[in-house]
Amino acid sequence: MIRSMDDVVSQNYWNDWRKITCPTLIVGGEKSFISQELLKKMAKVIPDGKYACISRAGHDVHLEAPYEWRSTVEKYIKEILLKSAGE
């Protein structure tokens, strides 16, 4: 049972991330408490994972830089749709 954010952070999810079968975008804020290197590593272990960094944003990217976050997500979705159309 998860009791606090510390419980979530202390869990090892690497094997779970490797099992993700859909295209996945990891979006990190440049100033997040989670390191950019860790976020990049997360994206690499997901079979169809991709990483994007939002400048000047912290952990709550969607709240701190909503327009940049939305633009990044929309671009990714368009890439996925174009890739699907080509298959």
# chains A, B, ... in the order shown; residues from 1 in each chain; ligands from 1

$ residues_around --residues "stretch 17-27 of chain A" --least-positions-apart "2" --cutoff "10 Å" --atoms "only C-alpha atoms" --output "ChimeraX atom specification"
/A:12-15,29-30,36,39-40,42-54,59-62,69,72-73,76-77,80

$ select_by_dssp --residues "chain A" --states "strand (DSSP E or B)" --output "PyMOL selection string"
chain A and resi 24-29+49-54

$ closest_residue --among "A:Gln11, A:Ser84, A:Ser32, A:Ser71" --to "A:Gly58" --atoms "only C-alpha atoms"
A:Ser32

$ atom_distance --atom1 "atom CA of A:Pro66" --atom2 "atom CA of A:Asp16"
28.1 Å

$ select_by_dssp --residues "chain A" --states "alpha helix (DSSP H)" --output "PyMOL selection string"
chain A and resi 5-10+14-18+36-45+61-64+66-86

$ atom_distance --atom1 "atom CA of A:Leu63" --atom2 "atom CA of A:Glu79"
23.7 Å
